[in-house]
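Note: the block below is protein-v5.pdb and it holds PDB, C-alpha atoms.
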```pdb
ATOM      1  CA  MET Q 779      18.672 -10.105 -16.058
ATOM      2  CA  SER Q 780      15.268 -10.034 -17.706
ATOM      3  CA  THR Q 781      15.040  -9.004 -21.334
ATOM      4  CA  VAL Q 782      11.249  -8.718 -21.347
ATOM      5  CA  ALA Q 783      10.159  -5.519 -23.091
ATOM      6  CA  LEU Q 784       7.099  -3.553 -22.106
ATOM      7  CA  ASN Q 785       4.173  -4.366 -24.374
ATOM      8  CA  GLU Q 786       2.295  -1.875 -26.578
ATOM      9  CA  THR Q 787      -0.676  -1.663 -24.197
ATOM     10  CA  VAL Q 788       1.588  -0.629 -21.320
ATOM     11  CA  LEU Q 789       3.439   1.916 -23.426
ATOM     12  CA  LYS Q 790       0.194   3.386 -24.795
ATOM     13  CA  ASN Q 791      -1.377   3.814 -21.338
ATOM     14  CA  THR Q 792       1.663   5.050 -19.385
ATOM     15  CA  ARG Q 793       1.045   8.395 -17.702
ATOM     16  CA  PRO Q 794       4.362  10.061 -16.680
ATOM     17  CA  GLU Q 795       2.622  12.482 -14.298
ATOM     18  CA  VAL Q 796       1.018   9.541 -12.467
ATOM     19  CA  GLU Q 797       4.342   7.672 -12.432
ATOM     20  CA  GLN Q 798       5.946  10.682 -10.726
ATOM     21  CA  TRP Q 799       3.125  10.781  -8.159
ATOM     22  CA  LEU Q 800       3.479   7.009  -7.602
ATOM     23  CA  SER Q 801       7.234   7.190  -7.009
ATOM     24  CA  GLU Q 802       6.642   9.847  -4.354
ATOM     25  CA  PHE Q 803       3.741   7.866  -2.822
ATOM     26  CA  VAL Q 804       5.860   4.692  -2.524
ATOM     27  CA  GLU Q 805       8.737   6.702  -1.017
ATOM     28  CA  ARG Q 806       6.454   8.515   1.475
ATOM     29  CA  HIS Q 807       5.292   5.188   2.852
ATOM     30  CA  SER Q 808       8.706   3.449   2.771
ATOM     31  CA  GLY Q 809       7.402   1.010   0.204
ATOM     32  CA  PHE Q 810       9.260  -1.040  -2.346
ATOM     33  CA  VAL Q 811       6.906  -1.328  -5.329
ATOM     34  CA  GLY Q 812       3.698   0.330  -6.468
ATOM     35  CA  SER Q 813       1.097   0.525  -9.197
ATOM     36  CA  VAL Q 814      -1.792   2.682 -10.335
ATOM     37  CA  HIS Q 815      -4.704   1.365 -12.383
ATOM     38  CA  LEU Q 816      -7.369   3.724 -13.709
ATOM     39  CA  ALA Q 817     -10.952   2.998 -14.727
ATOM     40  CA  GLU Q 818     -10.539   5.434 -17.645
ATOM     41  CA  PRO Q 819      -9.536   4.729 -20.454
ATOM     42  CA  ALA Q 820     -10.430   1.094 -19.698
ATOM     43  CA  GLU Q 821     -13.288  -0.831 -21.239
ATOM     44  CA  GLU Q 822     -16.306  -1.685 -19.085
ATOM     45  CA  GLY Q 823     -15.318  -4.297 -16.491
ATOM     46  CA  GLU Q 824     -11.601  -3.527 -16.670
ATOM     47  CA  ILE Q 825      -8.984  -1.221 -15.218
ATOM     48  CA  VAL Q 826      -5.731  -0.284 -16.970
ATOM     49  CA  LEU Q 827      -2.239   0.139 -15.580
ATOM     50  CA  VAL Q 828      -0.993   3.698 -16.083
ATOM     51  CA  ALA Q 829       1.961   3.725 -13.670
ATOM     52  CA  ALA Q 830       4.301   1.204 -12.068
ATOM     53  CA  HIS Q 831       7.173   1.702  -9.657
ATOM     54  CA  ASN Q 832      10.002  -0.844  -9.364
ATOM     55  CA  LEU Q 833       7.947  -3.678 -10.887
ATOM     56  CA  PRO Q 834       9.604  -6.123 -13.295
ATOM     57  CA  PRO Q 835       8.477  -5.798 -16.946
ATOM     58  CA  SER Q 836       6.811  -9.231 -16.842
ATOM     59  CA  VAL Q 837       4.588  -8.102 -13.940
ATOM     60  CA  VAL Q 838       3.858  -4.756 -15.619
ATOM     61  CA  ASN Q 839       2.879  -6.495 -18.872
ATOM     62  CA  GLY Q 840       0.689  -8.978 -17.011
ATOM     63  CA  ALA Q 841      -1.085  -6.176 -15.149
ATOM     64  CA  ALA Q 842      -1.541  -3.909 -18.204
ATOM     65  CA  VAL Q 843      -5.277  -4.591 -18.353
ATOM     66  CA  VAL Q 844      -6.967  -6.121 -15.317
ATOM     67  CA  VAL Q 845     -10.429  -7.616 -15.337
ATOM     68  CA  ILE Q 846     -12.536  -6.456 -12.397
ATOM     69  CA  GLY Q 847     -12.493  -9.331  -9.906
ATOM     70  CA  LYS Q 848      -9.075 -10.747 -10.937
ATOM     71  CA  GLY Q 849      -5.873 -10.231  -8.953
ATOM     72  CA  MET Q 850      -5.442  -7.808  -6.083
ATOM     73  CA  ALA Q 851      -6.251  -4.676  -8.102
ATOM     74  CA  GLY Q 852      -9.260  -6.266  -9.784
ATOM     75  CA  VAL Q 853     -10.684  -7.650  -6.535
ATOM     76  CA  THR Q 854     -10.162  -4.264  -4.853
ATOM     77  CA  ALA Q 855     -12.146  -2.621  -7.661
ATOM     78  CA  GLU Q 856     -14.862  -5.279  -7.394
ATOM     79  CA  ARG Q 857     -15.189  -5.107  -3.603
ATOM     80  CA  LYS Q 858     -14.609  -1.331  -3.473
ATOM     81  CA  ALA Q 859     -12.500  -1.972  -0.395
ATOM     82  CA  PRO Q 860      -8.780  -2.135   0.442
ATOM     83  CA  ILE Q 861      -7.081  -5.515   0.432
ATOM     84  CA  GLY Q 862      -4.031  -6.218   2.565
ATOM     85  CA  ILE Q 863      -1.911  -9.346   2.199
ATOM     86  CA  THR Q 864       0.648 -10.121   4.904
ATOM     87  CA  ASP Q 865       3.072 -11.922   2.565
ATOM     88  CA  LEU Q 866       2.445 -12.020  -1.158
ATOM     89  CA  GLN Q 867       5.149 -14.673  -1.535
ATOM     90  CA  THR Q 868       3.293 -17.241   0.586
ATOM     91  CA  ASP Q 869      -0.320 -16.075   0.178
ATOM     92  CA  ASN Q 870      -2.768 -18.782  -0.802
ATOM     93  CA  SER Q 871      -6.020 -16.795  -0.513
ATOM     94  CA  GLY Q 872      -6.472 -16.809  -4.275
ATOM     95  CA  VAL Q 873      -6.755 -13.007  -4.388
ATOM     96  CA  ALA Q 874      -3.186 -12.372  -5.539
ATOM     97  CA  ARG Q 875      -2.247 -13.969  -8.849
ATOM     98  CA  PRO Q 876       0.884 -16.212  -8.728
ATOM     99  CA  PRO Q 877       2.759 -14.131 -11.362
ATOM    100  CA  ALA Q 878       2.624 -11.156  -8.959
ATOM    101  CA  ARG Q 879       5.185 -12.959  -6.773
ATOM    102  CA  VAL Q 880       7.868 -12.016  -9.306
ATOM    103  CA  SER Q 881       7.610  -8.461  -7.926
ATOM    104  CA  GLY Q 882       9.510  -9.589  -4.817
ATOM    105  CA  SER Q 883       6.968  -7.773  -2.671
ATOM    106  CA  LYS Q 884       5.838  -9.346   0.576
ATOM    107  CA  GLY Q 885       3.450  -7.143   2.574
ATOM    108  CA  SER Q 886       1.066  -5.719  -0.048
ATOM    109  CA  VAL Q 887      -2.005  -3.517  -0.014
ATOM    110  CA  THR Q 888      -4.330  -2.294  -2.769
ATOM    111  CA  LEU Q 889      -6.466   0.781  -2.207
ATOM    112  CA  PRO Q 890      -9.614   1.896  -4.013
ATOM    113  CA  VAL Q 891      -9.910   5.536  -5.053
ATOM    114  CA  PHE Q 892     -13.413   6.887  -5.585
ATOM    115  CA  ALA Q 893     -14.713   9.712  -7.757
ATOM    116  CA  PRO Q 894     -14.937  12.941  -5.734
ATOM    117  CA  ASP Q 895     -18.547  13.425  -6.828
ATOM    118  CA  ASP Q 896     -19.624   9.766  -6.442
ATOM    119  CA  PRO Q 897     -18.293   7.810  -3.453
ATOM    120  CA  THR Q 898     -19.525   4.556  -5.030
ATOM    121  CA  ARG Q 899     -17.653   4.862  -8.355
ATOM    122  CA  ILE Q 900     -14.093   3.513  -8.479
ATOM    123  CA  VAL Q 901     -11.766   5.661 -10.578
ATOM    124  CA  ALA Q 902      -8.426   4.156  -9.559
ATOM    125  CA  VAL Q 903      -6.739   1.371  -7.636
ATOM    126  CA  VAL Q 904      -3.360   2.111  -6.049
ATOM    127  CA  GLY Q 905      -1.051  -0.739  -5.063
ATOM    128  CA  LEU Q 906       1.753  -0.523  -2.517
ATOM    129  CA  GLY Q 907       4.197  -3.290  -1.646
ATOM    130  CA  PHE Q 908       6.848  -3.700   1.009
ATOM    131  CA  PRO Q 909       9.991  -5.868   1.088
ATOM    132  CA  GLU Q 910       8.985  -7.474   4.398
ATOM    133  CA  PRO Q 911       5.816  -9.290   5.537
ATOM    134  CA  ARG Q 912       3.352  -6.925   7.225
ATOM    135  CA  GLU Q 913       0.160  -7.046   9.198
ATOM    136  CA  PHE Q 914      -1.715  -3.906   8.154
ATOM    137  CA  THR Q 915      -3.670  -2.078  10.834
ATOM    138  CA  GLU Q 916      -6.942  -0.322  10.053
ATOM    139  CA  GLU Q 917      -5.215   2.980  10.853
ATOM    140  CA  GLU Q 918      -2.390   2.314   8.373
ATOM    141  CA  ILE Q 919      -4.811   1.336   5.641
ATOM    142  CA  ALA Q 920      -6.915   4.448   6.310
ATOM    143  CA  ARG Q 921      -3.777   6.629   6.049
ATOM    144  CA  TYR Q 922      -2.640   4.935   2.815
ATOM    145  CA  LYS Q 923      -6.154   5.203   1.375
ATOM    146  CA  GLU Q 924      -6.397   8.910   2.161
ATOM    147  CA  ASP Q 925      -3.028   9.558   0.515
ATOM    148  CA  ALA Q 926      -3.904   7.323  -2.460
ATOM    149  CA  ALA Q 927      -6.869   9.595  -3.233
ATOM    150  CA  THR Q 928      -4.369  12.347  -4.109
ATOM    151  CA  VAL Q 929      -3.560  10.409  -7.299
ATOM    152  CA  LEU Q 930      -6.579  12.113  -8.851
ATOM    153  CA  THR Q 931      -4.710  15.417  -8.957
ATOM    154  CA  ALA Q 932      -1.891  13.796 -10.957
ATOM    155  CA  ALA Q 933      -4.291  11.808 -13.150
ATOM    156  CA  GLN Q 934      -6.148  14.980 -14.144
ATOM    157  CA  ALA Q 935      -2.936  16.819 -15.074
TER     158      ALA Q 935
END
```

Let me see whether you can do it: turn the structure in this file into structure tokens.
Amino acid sequence: MSTVALNETVLKNTRPEVEQWLSEFVERHSGFVGSVHLAEPAEEGEIVLVAAHNLPPSVVNGAAVVVIGKGMAGVTAERKAPIGITDLQTDNSGVARPPARVSGSKGSVTLPVFAPDDPTRIVAVVGLGFPEPREFTEEEIARYKEDAATVLTAAQA
């Protein structure tokens, strides 16, 4: 049993309304774990974790502030495109950071969410993980991405 406590950054940025949305999002898609990073209140070049579902504290702490271009969420924000990984546990693409394996997730996807008034500006990155390896189809990713955009309603609450 891990005794790692959540760090101050995580506790300061946690958004209960987004956590509720995330729990429902993960459940709707039969996922196992999930995360939401927002561009606000982050510094330039970063995104901050505001919600996590079923992630170990060590992973949550490590993902509290993500530099654009680092890890799945950061690379998704940089590329402004979804990233799907068949098996996070065996992935060697360099996109997923090794500490993310502690999540136990295998098939994993991160989804960019754009500002409603500016389809080029990332406002959030939503992560979704599954307990089994998965090949994600374009149709699945499109469906997840469309649903992920609903996080904005919770984030504005």

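Minimum atom-to-atom distances from Q:Ser836, Q:Gly812, Q:Pro911, Q:Glu824 to Q:Thr868 were compared using all atoms listed in the file, and the lowest value belongs to Q:Pro911.
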
Starting from the displayed file, determine the output of the PyMOL selection byres ((chain Q and resi 887) around 12) and express the residue list as JSON, numbers by chain. {"Q": [804, 807, 809, 810, 811, 812, 813, 849, 850, 851, 853, 854, 859, 860, 861, 862, 863, 864, 865, 866, 873, 874, 883, 884, 885, 886, 888, 889, 890, 903, 904, 905, 906, 907, 908, 911, 912, 913, 914, 915, 916, 918, 919, 920, 921, 922, 923, 926]}

Selection to disk with C-alpha atoms, as a JSON list (two decimals), keeping the file's coordinate frame:
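The resulting out.json:
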```json
[["chain", "number", "residue", "atom", "x", "y", "z"],
["Q", 804, "VAL", "CA", 5.86, 4.69, -2.52],
["Q", 807, "HIS", "CA", 5.29, 5.19, 2.85],
["Q", 809, "GLY", "CA", 7.40, 1.01, 0.20],
["Q", 810, "PHE", "CA", 9.26, -1.04, -2.35],
["Q", 811, "VAL", "CA", 6.91, -1.33, -5.33],
["Q", 812, "GLY", "CA", 3.70, 0.33, -6.47],
["Q", 813, "SER", "CA", 1.10, 0.52, -9.20],
["Q", 849, "GLY", "CA", -5.87, -10.23, -8.95],
["Q", 850, "MET", "CA", -5.44, -7.81, -6.08],
["Q", 851, "ALA", "CA", -6.25, -4.68, -8.10],
["Q", 853, "VAL", "CA", -10.68, -7.65, -6.54],
["Q", 854, "THR", "CA", -10.16, -4.26, -4.85],
["Q", 859, "ALA", "CA", -12.50, -1.97, -0.40],
["Q", 860, "PRO", "CA", -8.78, -2.13, 0.44],
["Q", 861, "ILE", "CA", -7.08, -5.52, 0.43],
["Q", 862, "GLY", "CA", -4.03, -6.22, 2.56],
["Q", 863, "ILE", "CA", -1.91, -9.35, 2.20],
["Q", 864, "THR", "CA", 0.65, -10.12, 4.90],
["Q", 865, "ASP", "CA", 3.07, -11.92, 2.56],
["Q", 866, "LEU", "CA", 2.44, -12.02, -1.16],
["Q", 873, "VAL", "CA", -6.76, -13.01, -4.39],
["Q", 874, "ALA", "CA", -3.19, -12.37, -5.54],
["Q", 883, "SER", "CA", 6.97, -7.77, -2.67],
["Q", 884, "LYS", "CA", 5.84, -9.35, 0.58],
["Q", 885, "GLY", "CA", 3.45, -7.14, 2.57],
["Q", 886, "SER", "CA", 1.07, -5.72, -0.05],
["Q", 888, "THR", "CA", -4.33, -2.29, -2.77],
["Q", 889, "LEU", "CA", -6.47, 0.78, -2.21],
["Q", 890, "PRO", "CA", -9.61, 1.90, -4.01],
["Q", 903, "VAL", "CA", -6.74, 1.37, -7.64],
["Q", 904, "VAL", "CA", -3.36, 2.11, -6.05],
["Q", 905, "GLY", "CA", -1.05, -0.74, -5.06],
["Q", 906, "LEU", "CA", 1.75, -0.52, -2.52],
["Q", 907, "GLY", "CA", 4.20, -3.29, -1.65],
["Q", 908, "PHE", "CA", 6.85, -3.70, 1.01],
["Q", 911, "PRO", "CA", 5.82, -9.29, 5.54],
["Q", 912, "ARG", "CA", 3.35, -6.92, 7.22],
["Q", 913, "GLU", "CA", 0.16, -7.05, 9.20],
["Q", 914, "PHE", "CA", -1.72, -3.91, 8.15],
["Q", 915, "THR", "CA", -3.67, -2.08, 10.83],
["Q", 916, "GLU", "CA", -6.94, -0.32, 10.05],
["Q", 918, "GLU", "CA", -2.39, 2.31, 8.37],
["Q", 919, "ILE", "CA", -4.81, 1.34, 5.64],
["Q", 920, "ALA", "CA", -6.92, 4.45, 6.31],
["Q", 921, "ARG", "CA", -3.78, 6.63, 6.05],
["Q", 922, "TYR", "CA", -2.64, 4.93, 2.82],
["Q", 923, "LYS", "CA", -6.15, 5.20, 1.38],
["Q", 926, "ALA", "CA", -3.90, 7.32, -2.46]]
```

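The residue that comes closest to Q:Gly840, out of Q:Thr787, Q:Asn870, Q:Gln934, Q:Thr928 and on the basis of all atoms listed in the file, is Q:Thr787.
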
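Taking atom CA of Q:Leu816 and atom CA of Q:Val828 as endpoints, the distance between them is 6.8 Å.
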
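The space between atom CA of Q:Gly823 and atom CA of Q:Asp896 spans 17.8 Å.
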
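Take atom CA of Q:Pro834 and atom CA of Q:Thr931: the distance between them is 26.2 Å.
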
Q:His831 proximity check over Q:His815, Q:Ser801, Q:Ala902, Q:Val843, using all atoms listed in the file: winner is Q:Ser801

### Message
Evaluated on this file, the PyMOL selection byres ((chain Q and resi 796) around 7) picks out some residues - which ones are they, written as a PyMOL selection string?
### Response
chain Q and resi 793-795+797-800+829+929+932-933

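Nearest residue to Q:Glu821 among Q:Leu930, Q:Asp869, Q:Val845, Q:Lys790 is Q:Val845, counting only C-alpha atoms.
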
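Remark: for Q:Pro897, the closest of the candidate residues Q:Ala783, Q:Leu827, Q:Val814, Q:Ala927 is Q:Ala927 (distances computed over all atoms listed in the file).
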
Of Q:Ile846, Q:Val901, Q:Leu784, Q:Val837, the one nearest to Q:Ser881 when counting all atoms listed in the file is Q:Val837
